[in-house]
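Student: Take a look at the following structure, please.
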Amino acid sequence: MGKEECKTMLDALNKVTACYRHLVVALGSTSDSQNLREELKRTRKKAQELAVANRTKLTSLLKDKSISKEDRAEYERLWVLFSSSMDLLEVDMKRSLEIGQDFPLKVPTRHLIQTGMTGSTGTVAARAMSVQNMKYEADSNIDTADLRDLQAEISQVSQMMEEMEMKVQVAPWAVEAKQEAGAELKSNMSVGNSSVGVISICEEEPKDEEGGGGGDAGLASICAVVVFFVIVTVAVVLGYLVINMS
């Protein structure tokens, strides 16, 4: 029960962290807006709440000396994954701070970058917050007020990571992976309905009829290429003969 609960909590953190990274990419672009800044604020706070819950749960389990060797190995593996997710969150929070300082909304100091991204990021933020639609309540000066909060939160995340290393001694290089690298890309990915909201990833298997049509089209293309090269070869030979005969 403990392992499944930890996996569910860690999966939720990873998905919200991924949502946050997706939103950070839009900062400073033509998709940047007051709504985006509020989405970033609420998403990172959700990620921090999940991070605290993961830390508390894993710390208590790893300090329990009565657990079996196999369970400890699994909790250590989850701890390493949790630490990696926290590293990514901290990096993205720092990136958000730097870009937010370079591209203030209230008093613009430079033009937004045309990155080719268009549309709203509200759908991604809504998934992270487990809501149907985002409701925006931020003031017009969120970009300046939130930067101060973001600086403080970055320090809190860094401090939490330091405390984690002090409380639990887990060597990342000593933890063995349970599957080959890239194995998750070969399997069908499914996402459950958790209470924290997720990004759904759906892979639709090609139909047999479509696969057959694709094969026929590929064979026709190959035949066309072969015929083209035969025609070119014959033309070159005939041209050579005509030149020599003359």
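Labels for the structure tokens follow display order: chains A, B, ..., residues from 1 in each chain, ligands from 1.
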Near segment 88-96 of chain A, within 8 Å and counting only C-alpha atoms, which residues show up once chain neighbours fewer than 3 positions away are dropped, as a CSV table (one decimal) with C-alpha atoms, in the first residue's frame?
Tutor:
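Ended up saving to around21.csv:
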chain,number,residue,atom,x,y,z
A,17,THR,CA,6.0,19.9,-12.9
A,20,TYR,CA,4.9,24.2,-15.2
A,21,ARG,CA,7.7,23.6,-17.6
A,24,VAL,CA,7.5,28.6,-18.6
A,27,LEU,CA,7.2,33.4,-21.0
A,44,ARG,CA,4.2,26.1,-9.1
A,84,SER,CA,15.3,14.6,-10.0
A,85,SER,CA,11.8,16.1,-10.3
A,99,ILE,CA,12.6,35.8,-18.0
A,100,GLY,CA,10.0,37.5,-15.8
A,150,LEU,CA,9.1,33.6,-6.6
A,154,ILE,CA,13.2,29.4,-4.9
A,157,VAL,CA,12.9,24.8,-2.5
A,158,SER,CA,16.7,24.9,-2.3
Student: Which one of A:Ser83, A:Glu153, A:Cys6, A:Asp102 sits closest to Asp71 of chain A if you count only C-alpha atoms?
Tutor: A:Cys6
Student: List the neighbours of Lys167 of chain A out to 12 Å using only C-alpha atoms; skip same-chain residues closer than 2 positions along the sequence, and give me the result as an MDAnalysis selection string.
Tutor: chainID A and resid 55:56 58:63 79 160:165 169:170
